[in-house]
>>> print(open('model-v7.txt').read())   # compact mmCIF, C-alpha atoms
# COMPACT_ATOMS: atom_id res chain seq x y z
CA MET I 1 -39.21 61.10 -56.52
CA GLY I 2 -36.37 63.57 -56.35
CA MET I 3 -36.60 67.29 -56.85
CA PHE I 4 -39.44 67.37 -59.37
CA ARG I 5 -42.39 67.94 -57.05
CA PHE I 6 -44.98 69.85 -59.02
CA LEU I 7 -47.70 67.42 -57.93
CA ASP I 8 -46.97 67.70 -54.21
CA GLY I 9 -49.35 69.79 -52.11
CA GLY I 10 -48.77 70.65 -48.48
CA VAL I 11 -45.74 72.92 -48.90
CA LYS I 12 -46.11 76.15 -46.96
CA ALA I 13 -45.19 79.76 -47.79
CA VAL I 14 -43.30 79.68 -51.06
CA LEU I 15 -42.15 82.53 -53.25
CA GLY I 16 -43.36 82.20 -56.84
CA VAL I 17 -40.42 82.68 -59.23
CA ASP I 18 -41.38 82.83 -62.91
CA ILE I 19 -38.40 82.66 -65.28
CA THR I 20 -39.08 83.77 -68.87
CA SER I 21 -36.80 84.59 -71.77
CA SER I 22 -36.80 88.29 -70.89
CA THR I 23 -37.59 88.66 -67.17
CA VAL I 24 -37.68 87.12 -63.73
CA LYS I 25 -40.88 87.74 -61.78
CA VAL I 26 -41.14 87.07 -58.04
CA LEU I 27 -44.40 87.08 -56.10
CA GLU I 28 -45.23 86.43 -52.45
CA LEU I 29 -48.83 85.92 -51.30
CA SER I 30 -50.50 85.48 -47.92
CA LYS I 31 -54.09 84.57 -47.07
CA SER I 32 -56.38 85.85 -44.36
CA GLY I 33 -60.12 85.42 -43.91
CA GLY I 34 -60.49 83.77 -47.29
CA ARG I 35 -58.77 86.62 -49.20
CA TYR I 36 -55.32 86.60 -50.71
CA LYS I 37 -52.91 89.46 -50.16
CA VAL I 38 -49.95 90.48 -52.30
CA GLU I 39 -47.11 90.79 -49.78
CA SER I 40 -44.30 91.49 -52.25
CA TYR I 41 -43.51 91.37 -55.95
CA PHE I 42 -40.94 92.55 -58.46
CA VAL I 43 -40.16 92.10 -62.16
CA CYS I 44 -36.49 92.18 -63.11
CA PRO I 45 -35.31 92.23 -66.76
CA LEU I 46 -32.81 89.55 -67.79
CA PRO I 47 -29.61 90.23 -69.71
CA PRO I 48 -29.99 89.16 -73.38
CA ASN I 49 -29.61 85.42 -74.05
CA THR I 50 -29.68 84.42 -70.36
CA VAL I 51 -32.71 82.24 -71.16
CA VAL I 52 -33.37 81.23 -74.76
CA GLU I 53 -36.70 79.59 -75.64
CA LYS I 54 -37.27 78.41 -72.05
CA ASN I 55 -33.71 76.97 -71.80
CA ILE I 56 -31.26 78.48 -69.31
CA SER I 57 -27.96 79.34 -71.02
CA ASP I 58 -26.34 81.51 -68.30
CA VAL I 59 -27.19 80.26 -64.83
CA ASN I 60 -25.02 82.86 -63.04
CA ALA I 61 -26.64 85.82 -64.82
CA LEU I 62 -30.06 84.32 -64.05
CA ALA I 63 -29.17 83.85 -60.37
CA GLU I 64 -28.00 87.48 -60.13
CA SER I 65 -31.30 88.70 -61.62
CA ILE I 66 -33.30 86.52 -59.21
CA ARG I 67 -31.25 87.87 -56.28
CA LYS I 68 -31.95 91.44 -57.43
CA ALA I 69 -35.69 90.75 -57.86
CA VAL I 70 -35.96 89.18 -54.38
CA SER I 71 -34.05 92.12 -52.84
CA GLN I 72 -36.16 94.75 -54.61
CA ALA I 73 -39.37 92.94 -53.68
CA LYS I 74 -38.23 92.69 -50.04
CA ALA I 75 -39.60 89.16 -50.01
CA LYS I 76 -39.67 87.51 -46.60
CA THR I 77 -39.75 83.82 -47.47
CA LYS I 78 -36.67 82.08 -48.89
CA ASP I 79 -38.49 78.91 -49.98
CA ALA I 80 -39.24 79.12 -53.69
CA ALA I 81 -41.36 77.49 -56.38
CA VAL I 82 -40.27 77.60 -60.01
CA ALA I 83 -41.66 76.04 -63.20
CA VAL I 84 -40.48 74.26 -66.34
CA ALA I 85 -42.18 74.68 -69.71
CA GLY I 86 -45.04 72.31 -70.48
CA SER I 87 -43.28 71.28 -73.70
CA ALA I 88 -40.37 69.95 -71.59
CA VAL I 89 -42.63 67.56 -69.66
CA ILE I 90 -44.06 64.19 -70.65
CA THR I 91 -47.26 63.20 -68.85
CA LYS I 92 -49.18 59.97 -69.09
CA VAL I 93 -52.13 58.50 -67.18
CA ILE I 94 -51.58 54.82 -66.42
CA GLU I 95 -53.62 52.23 -64.51
CA MET I 96 -52.16 50.47 -61.47
CA PRO I 97 -53.53 47.96 -58.93
CA ALA I 98 -55.37 49.83 -56.17
CA ASP I 99 -53.81 47.71 -53.38
CA LEU I 100 -50.18 48.59 -54.18
CA SER I 101 -48.10 50.19 -51.42
CA GLU I 102 -46.36 53.49 -52.18
CA GLU I 103 -43.01 51.67 -52.48
CA GLY I 104 -44.57 49.10 -54.80
CA MET I 105 -46.13 51.87 -56.83
CA GLU I 106 -42.77 53.67 -57.21
CA SER I 107 -41.14 50.44 -58.42
CA GLN I 108 -43.94 49.78 -60.87
CA LEU I 109 -43.87 53.39 -62.10
CA ALA I 110 -40.14 53.13 -62.80
CA VAL I 111 -40.91 50.15 -65.05
CA GLU I 112 -43.77 52.04 -66.75
CA ALA I 113 -41.63 55.16 -67.15
CA ASP I 114 -38.92 53.16 -68.87
CA GLN I 115 -41.49 52.16 -71.52
CA HIS I 116 -43.02 55.61 -72.07
CA ILE I 117 -40.08 58.04 -71.73
CA PRO I 118 -37.53 58.37 -74.56
CA TYR I 119 -34.58 59.20 -72.26
CA PRO I 120 -32.43 57.10 -69.90
CA LEU I 121 -34.13 57.13 -66.49
CA ASP I 122 -31.00 58.42 -64.75
CA GLU I 123 -31.37 61.61 -66.83
CA VAL I 124 -35.02 62.11 -65.85
CA ALA I 125 -36.85 63.68 -62.92
CA LEU I 126 -40.08 61.79 -62.21
CA ASP I 127 -43.19 62.44 -60.16
CA PHE I 128 -46.63 60.88 -59.90
CA GLU I 129 -50.04 61.65 -58.43
CA LEU I 130 -52.98 59.37 -57.69
CA ILE I 131 -55.98 60.64 -59.63
CA GLY I 132 -58.55 58.16 -58.31
CA PRO I 133 -60.28 54.88 -59.13
CA SER I 134 -60.21 53.85 -62.78
CA GLU I 135 -63.53 54.28 -64.57
CA SER I 136 -62.95 51.08 -66.53
CA ASN I 137 -61.78 48.82 -63.69
CA ALA I 138 -62.76 49.19 -60.01
CA GLU I 139 -59.65 47.29 -58.88
CA GLN I 140 -57.31 49.71 -60.66
CA PHE I 141 -56.25 53.29 -59.89
CA ASP I 142 -55.49 55.99 -62.45
CA VAL I 143 -52.07 57.49 -61.79
CA LEU I 144 -50.63 60.58 -63.48
CA LEU I 145 -46.97 59.99 -64.32
CA ALA I 146 -44.86 63.01 -65.24
CA ALA I 147 -41.25 63.22 -66.35
CA CYS I 148 -38.80 65.93 -67.37
CA ARG I 149 -35.13 65.97 -68.35
CA ARG I 150 -33.26 66.38 -65.09
CA GLU I 151 -31.07 69.19 -66.45
CA ASN I 152 -34.20 71.39 -66.86
CA VAL I 153 -34.95 70.90 -63.19
CA ASP I 154 -31.36 71.07 -61.91
CA LEU I 155 -30.49 74.34 -63.67
CA ARG I 156 -33.54 76.07 -62.20
CA ALA I 157 -32.76 74.70 -58.74
CA GLU I 158 -29.13 75.81 -59.11
CA ALA I 159 -30.14 79.35 -60.10
CA LEU I 160 -32.45 79.62 -57.07
CA THR I 161 -29.75 78.30 -54.74
CA LEU I 162 -27.11 80.70 -56.12
CA ALA I 163 -29.61 83.53 -55.56
CA GLY I 164 -29.91 82.59 -51.88
CA LEU I 165 -33.28 80.84 -52.11
CA ASN I 166 -34.31 77.30 -51.17
CA PRO I 167 -35.75 75.45 -54.20
CA LYS I 168 -38.76 73.66 -52.72
CA ILE I 169 -40.99 72.99 -55.75
CA VAL I 170 -40.44 72.59 -59.46
CA ASP I 171 -43.86 72.93 -61.07
CA VAL I 172 -45.00 72.89 -64.70
CA GLU I 173 -46.10 76.17 -66.31
CA VAL I 174 -49.35 74.64 -67.58
CA PHE I 175 -50.30 73.51 -64.06
CA ALA I 176 -49.39 76.93 -62.63
CA VAL I 177 -51.65 78.65 -65.18
CA GLU I 178 -54.45 76.22 -64.33
CA ARG I 179 -54.07 77.05 -60.64
CA ALA I 180 -54.04 80.80 -61.32
CA PHE I 181 -57.13 80.43 -63.52
CA LYS I 182 -59.14 79.95 -60.34
CA LEU I 183 -58.43 83.62 -59.61
CA ILE I 184 -59.50 84.66 -63.12
CA SER I 185 -62.62 82.47 -63.12
CA GLU I 186 -64.01 84.48 -60.19
CA GLN I 187 -64.28 87.40 -62.63
CA LEU I 188 -66.24 85.47 -65.28
CA GLU I 189 -70.03 85.49 -65.21
CA GLU I 190 -70.37 81.76 -65.80
CA VAL I 191 -67.60 79.23 -65.58
CA GLY I 192 -69.07 75.77 -65.02
CA GLU I 193 -68.48 73.69 -68.14
CA GLN I 194 -67.26 76.71 -70.10
CA VAL I 195 -64.44 76.30 -72.59
CA VAL I 196 -61.91 79.03 -71.80
CA ALA I 197 -58.79 79.72 -73.87
CA ILE I 198 -55.82 81.55 -72.32
CA ALA I 199 -53.38 83.13 -74.76
CA ASP I 200 -50.19 83.90 -72.80
CA ILE I 201 -48.13 86.22 -75.02
CA GLY I 202 -44.61 86.69 -73.72
CA ALA I 203 -41.47 88.20 -75.23
CA THR I 204 -40.67 85.26 -77.50
CA MET I 205 -43.36 82.63 -76.89
CA LEU I 206 -47.12 82.43 -77.36
CA THR I 207 -48.73 79.67 -75.29
CA LEU I 208 -52.38 78.80 -75.81
CA SER I 209 -54.03 76.77 -73.03
CA VAL I 210 -57.65 75.63 -73.22
CA LEU I 211 -59.45 74.78 -70.00
CA VAL I 212 -62.77 72.99 -69.67
CA ASP I 213 -64.39 73.06 -66.24
CA GLY I 214 -61.14 74.60 -64.92
CA LYS I 215 -58.95 71.70 -66.13
CA THR I 216 -56.37 72.01 -68.90
CA LEU I 217 -57.47 70.09 -71.96
CA TYR I 218 -55.01 71.42 -74.51
CA THR I 219 -51.82 73.47 -74.66
CA ARG I 220 -49.64 74.61 -77.53
CA GLU I 221 -46.47 76.71 -77.60
CA GLN I 222 -45.19 78.63 -80.60
CA LEU I 223 -42.39 81.10 -81.22
CA PHE I 224 -44.05 84.51 -81.39
CA GLY I 225 -43.94 87.41 -78.95
CA GLY I 226 -43.48 91.04 -78.04
CA LYS I 227 -39.74 91.02 -78.73
CA GLN I 228 -40.67 91.24 -82.41
CA VAL I 229 -41.92 94.78 -81.73
CA THR I 230 -38.70 95.68 -79.91
CA ASP I 231 -36.58 94.23 -82.73
CA GLU I 232 -38.54 96.16 -85.34
CA ILE I 233 -38.16 99.43 -83.37
CA GLN I 234 -34.41 98.77 -83.27
CA ARG I 235 -34.21 98.08 -86.96
CA ARG I 236 -36.47 100.88 -88.19
CA TYR I 237 -35.26 103.69 -85.93
CA GLY I 238 -31.62 102.69 -85.40
CA LEU I 239 -31.86 102.28 -81.62
CA SER I 240 -30.01 99.93 -79.29
CA LEU I 241 -31.90 97.02 -77.74
CA GLU I 242 -32.12 98.87 -74.42
CA GLU I 243 -33.28 102.12 -76.08
CA ALA I 244 -35.89 100.24 -78.13
CA GLY I 245 -37.24 98.47 -75.05
CA GLN I 246 -37.47 101.75 -73.16
CA ALA I 247 -39.13 103.56 -76.07
CA LYS I 248 -41.71 100.77 -76.38
CA LYS I 249 -42.68 101.34 -72.74
CA THR I 250 -42.50 105.12 -72.45
CA GLY I 251 -43.41 106.28 -75.96
CA GLY I 252 -41.83 109.15 -77.86
CA LEU I 253 -41.41 107.18 -81.07
CA PRO I 254 -42.06 108.71 -84.55
CA ASP I 255 -45.62 109.16 -85.82
CA ASP I 256 -45.45 106.12 -88.10
CA TYR I 257 -44.80 103.74 -85.16
CA GLU I 258 -48.49 102.87 -84.80
CA SER I 259 -49.18 102.24 -88.49
CA GLU I 260 -45.85 100.69 -89.48
CA ILE I 261 -45.04 98.53 -86.44
CA LEU I 262 -47.91 98.14 -83.98
CA GLU I 263 -50.76 97.53 -86.42
CA PRO I 264 -48.93 94.79 -88.38
CA PHE I 265 -47.86 93.19 -85.10
CA ARG I 266 -51.42 93.14 -83.73
CA GLU I 267 -52.68 91.64 -86.98
CA ALA I 268 -50.00 88.95 -86.91
CA LEU I 269 -50.76 88.20 -83.24
CA ILE I 270 -54.48 87.82 -83.88
CA GLN I 271 -53.66 85.50 -86.78
CA GLN I 272 -51.41 83.41 -84.50
CA ILE I 273 -54.12 83.14 -81.81
CA SER I 274 -56.70 82.21 -84.45
CA ARG I 275 -54.38 79.55 -85.86
CA SER I 276 -53.74 78.10 -82.40
CA LEU I 277 -57.49 77.92 -81.79
CA GLN I 278 -57.95 76.12 -85.11
CA PHE I 279 -55.33 73.56 -84.05
CA PHE I 280 -57.32 73.03 -80.85
CA PHE I 281 -60.61 72.60 -82.73
CA SER I 282 -59.08 70.07 -85.12
CA SER I 283 -57.58 67.97 -82.32
CA SER I 284 -60.50 67.93 -79.85
CA GLN I 285 -64.25 67.36 -79.66
CA TYR I 286 -64.82 71.13 -79.38
CA ASN I 287 -65.31 73.56 -82.24
CA TYR I 288 -65.80 76.67 -80.10
CA VAL I 289 -64.51 78.51 -77.03
CA ASP I 290 -66.75 80.58 -74.76
CA GLN I 291 -64.14 83.02 -73.48
CA LEU I 292 -60.64 84.15 -74.44
CA VAL I 293 -58.26 85.48 -71.78
CA LEU I 294 -55.18 87.45 -72.85
CA ALA I 295 -52.16 87.11 -70.57
CA GLY I 296 -48.45 87.91 -70.75
CA GLY I 297 -46.66 91.23 -71.14
CA VAL I 298 -48.19 91.93 -74.57
CA ALA I 299 -51.77 91.55 -73.30
CA ALA I 300 -51.89 95.08 -71.86
CA MET I 301 -51.09 96.67 -75.26
CA ASP I 302 -53.49 99.56 -75.93
CA GLY I 303 -56.48 98.51 -77.99
CA LEU I 304 -55.39 94.88 -78.34
CA CYS I 305 -58.19 93.32 -76.28
CA ALA I 306 -60.95 95.14 -78.18
CA GLU I 307 -59.36 94.35 -81.56
CA VAL I 308 -58.99 90.64 -80.71
CA GLU I 309 -62.62 90.50 -79.55
CA GLU I 310 -63.83 92.17 -82.76
CA LYS I 311 -61.68 90.18 -85.21
CA LEU I 312 -62.26 86.78 -83.59
CA SER I 313 -65.89 87.45 -82.57
CA LEU I 314 -65.08 86.09 -79.13
CA PRO I 315 -65.63 87.54 -75.64
CA THR I 316 -62.11 88.63 -74.62
CA MET I 317 -60.63 89.92 -71.36
CA VAL I 318 -57.17 90.77 -70.06
CA ALA I 319 -55.99 88.58 -67.19
CA ASN I 320 -55.65 90.16 -63.75
CA PRO I 321 -55.03 87.53 -61.05
CA PHE I 322 -54.95 90.29 -58.40
CA ALA I 323 -58.40 91.81 -59.09
CA ASN I 324 -59.91 90.47 -55.85
CA MET I 325 -56.76 90.57 -53.72
CA VAL I 326 -55.65 92.94 -50.97
CA ILE I 327 -52.50 94.81 -52.04
CA GLY I 328 -49.87 95.15 -49.29
CA GLY I 329 -48.78 98.62 -48.20
CA ASP I 330 -45.20 98.09 -49.41
CA VAL I 331 -46.31 96.99 -52.89
CA ASN I 332 -46.34 99.46 -55.79
CA ALA I 333 -50.00 99.04 -56.75
CA VAL I 334 -49.71 101.02 -60.00
CA ALA I 335 -46.77 98.91 -61.22
CA LEU I 336 -48.55 95.72 -60.14
CA ALA I 337 -51.66 96.67 -62.13
CA THR I 338 -49.48 97.21 -65.23
CA ASP I 339 -47.63 93.91 -64.76
CA ALA I 340 -50.72 91.89 -63.71
CA PRO I 341 -51.41 90.20 -67.10
CA ALA I 342 -47.83 88.88 -67.13
CA MET I 343 -48.01 87.51 -63.57
CA LEU I 344 -50.25 84.49 -64.19
CA ILE I 345 -47.53 81.83 -63.83
CA ALA I 346 -45.95 83.63 -60.87
CA ALA I 347 -49.39 83.72 -59.19
CA GLY I 348 -49.95 80.03 -59.87
CA LEU I 349 -46.58 79.23 -58.29
CA ALA I 350 -47.18 81.46 -55.26
CA LEU I 351 -50.55 79.75 -54.72
CA ARG I 352 -48.59 76.57 -53.88
CA SER I 353 -48.34 78.09 -50.40
CA PHE I 354 -51.94 77.14 -49.71
CA ASP I 355 -53.27 73.60 -49.29
CA ASP I 356 -56.53 74.28 -51.10
CA ASN I 357 -54.57 75.12 -54.24
CA GLY I 358 -51.91 72.45 -53.92
>>> encode(input="model-v7.txt", output="structure tokens")
Amino acid sequence: MGMFRFLDGGVKAVLGVDITSSTVKVLELSKSGGRYKVESYFVCPLPPNTVVEKNISDVNALAESIRKAVSQAKAKTKDAAVAVAGSAVITKVIEMPADLSEEGMESQLAVEADQHIPYPLDEVALDFELIGPSESNAEQFDVLLAACRRENVDLRAEALTLAGLNPKIVDVEVFAVERAFKLISEQLEEVGEQVVAIADIGATMLTLSVLVDGKTLYTREQLFGGKQVTDEIQRRYGLSLEEAGQAKKTGGLPDDYESEILEPFREALIQQISRSLQFFFSSSQYNYVDQLVLAGGVAAMDGLCAEVEEKLSLPTMVANPFANMVIGGDVNAVALATDAPAMLIAAGLALRSFDDNG
């Protein structure tokens, strides 16, 4: 059903391209003897206001940044996978007769979609996946229907095309995180039926996903992120946006930076994570999580993981999807280790290259 193919396995060798409000991340993986290998990667900053709250506002600037990231990474494949935000996608599980042909199913799904989706169908990208026999009726199949405004898909495809890539897959960020979680779960002592929360803290958005038995049960996005630190550095010390961003990374800020900016930010972040968890508890059968995983660019902040674990009384770790991977000789391993917590979605997209993760 058109370009929106986040449910389609069987696509080979794709470059994961993660577009956020502040950066473009590209990642290329290969697999040999059961182990993944990082072939190439690069993180390229975006000009301000290129992407605002997951919406592309300057497709040409975005395409130029993607082109630069691909060039710097020296990526070999031109086929790319990109993702839309989970909040932009409507999903619904519906029952359909098990004996329907694929054409019949598509026709029936169009009728169902018209009932469940609050946009005209000609403005929507649709996809579906057979889940399996219905538990309530043996003659029916459960089908996952997913829909997204076509402009969200088309703008991402256009940016990839302008950058010289072939847009092969448009995924959903939540599904990409779920796929990448398989890499993280290898590092946990017990996974099984565990309830694992992933707090992905980006520049402007905090996304909490809760997975049970490796499947996403809950997700919530809220406006909160590391850019607040950059903005406060700008305001307090009279720096430009670029100078503030650089100072945040390299240090050299006045002595009161820790107490006046970082400590209040960490406290506010922990409060936001706690609040998101409370929303999950109030809307599900669970009143606990077994493990918290911190992801996103903010996750690597000095002392954050230990402080979160102490304040929330919850086992906490920083995400590293590359912990058990081979790192290619042309890849800057030190930079990759620093960027690893922010590469979860890119890893989930790059994993689309392999059938067993499709």
>>> closest_atom_pairs(input="model-v7.txt", of="stretch 153-248 of chain I", to="stretch 296-319 of chain I", cutoff="8 Å", atoms="all atoms listed in the file", output="Markdown table")
| residue | atom | partner | partner_atom | distance |
| --- | --- | --- | --- | --- |
| I:Ile184 | CA | I:Ala319 | CA | 6.7 |
| I:Ala199 | CA | I:Gly296 | CA | 8.0 |
| I:Asp200 | CA | I:Gly296 | CA | 4.8 |
| I:Ile201 | CA | I:Gly296 | CA | 4.6 |
| I:Gly202 | CA | I:Gly296 | CA | 5.0 |
| I:Ala203 | CA | I:Gly297 | CA | 7.3 |
| I:Gly225 | CA | I:Val298 | CA | 7.6 |
| I:Gly226 | CA | I:Val298 | CA | 5.9 |
>>> write_last_selection(input="model-v7.txt", atoms="C-alpha atoms", output="short mmCIF file (atom, residue, chain, number, x, y, z; two decimals), in the coordinates of the input")
data_model
loop_
_atom_site.label_atom_id
_atom_site.label_comp_id
_atom_site.auth_asym_id
_atom_site.auth_seq_id
_atom_site.Cartn_x
_atom_site.Cartn_y
_atom_site.Cartn_z
CA ILE I 184 -59.50 84.66 -63.12
CA ALA I 199 -53.38 83.13 -74.76
CA ASP I 200 -50.19 83.90 -72.80
CA ILE I 201 -48.13 86.22 -75.02
CA GLY I 202 -44.61 86.69 -73.72
CA ALA I 203 -41.47 88.20 -75.23
CA GLY I 225 -43.94 87.41 -78.95
CA GLY I 226 -43.48 91.04 -78.04
#
>>> closest_residue(input="model-v7.txt", among="I:Met325, I:Leu121, I:Val26, I:Leu223", to="I:Ala337", atoms="only C-alpha atoms")
I:Met325
>>> residues_around(input="model-v7.txt", residues="I:Phe265", least_positions_apart="3", cutoff="10 Å", atoms="all atoms listed in the file", output="ChimeraX atom specification")
/I:225-226,228-229,232,258-262,268-271
>>> atom_distance(input="model-v7.txt", atom1="atom CA of I:Val212", atom2="atom CA of I:Ala340")
23.2 Å
>>> atom_distance(input="model-v7.txt", atom1="atom CA of I:Pro120", atom2="atom CA of I:Leu145")
15.8 Å
>>> atom_distance(input="model-v7.txt", atom1="atom CA of I:Tyr286", atom2="atom CA of I:Glu193")
12.1 Å
>>> residues_near_point(input="model-v7.txt", point="(-31.4, 92.1, -68.9)", cutoff="9 Å", atoms="all atoms listed in the file", output="number ranges by chain")
I: 22-23, 44-50, 61, 65, 242
>>> residues_around(input="model-v7.txt", residues="I:Gly132", least_positions_apart="4", cutoff="10 Å", atoms="all atoms listed in the file", output="VMD selection string")
chain I and resid 95 98 140 to 144
>>> closest_residue(input="model-v7.txt", among="I:Val172, I:Val17, I:Val43, I:Val51", to="I:Thr204", atoms="only C-alpha atoms")
I:Val51
>>> residues_around(input="model-v7.txt", residues="I:Val210", least_positions_apart="4", cutoff="7 Å", atoms="all atoms listed in the file", output="list in words")
Val195, Val196, Ala197, Ile198, Thr216, Leu217, Tyr218 and Thr219 of chain I
>>> residues_around(input="model-v7.txt", residues="I:Gln222", least_positions_apart="6", cutoff="7 Å", atoms="only C-alpha atoms", output="VMD selection string")
chain I and resid 205 to 207
>>> residues_near_point(input="model-v7.txt", point="(-33.2, 70.4, -68.6)", cutoff="12 Å", atoms="only C-alpha atoms", output="PyMOL selection string")
chain I and resi 4+54-57+83-85+87-89+119+123-125+147-158+170
>>> closest_residue(input="model-v7.txt", among="I:Val293, I:Ile169, I:Leu211, I:Ile94", to="I:Gln108", atoms="only C-alpha atoms")
I:Ile94
>>> residues_around(input="model-v7.txt", residues="I:Thr230", least_positions_apart="2", cutoff="9 Å", atoms="all atoms listed in the file", output="ChimeraX atom specification")
/I:226-228,232-235,241,244-245,247-248
>>> closest_residue(input="model-v7.txt", among="I:Ser32, I:Asn137, I:Thr91, I:Gln246", to="I:Phe175", atoms="all atoms listed in the file")
I:Thr91
>>> closest_residue(input="model-v7.txt", among="I:Pro97, I:Gly214, I:Gly329, I:Gly252", to="I:Glu39", atoms="only C-alpha atoms")
I:Gly329
>>> closest_residue(input="model-v7.txt", among="I:Ser282, I:Asn332, I:Ser134, I:Thr338", to="I:Tyr41", atoms="all atoms listed in the file")
I:Asn332
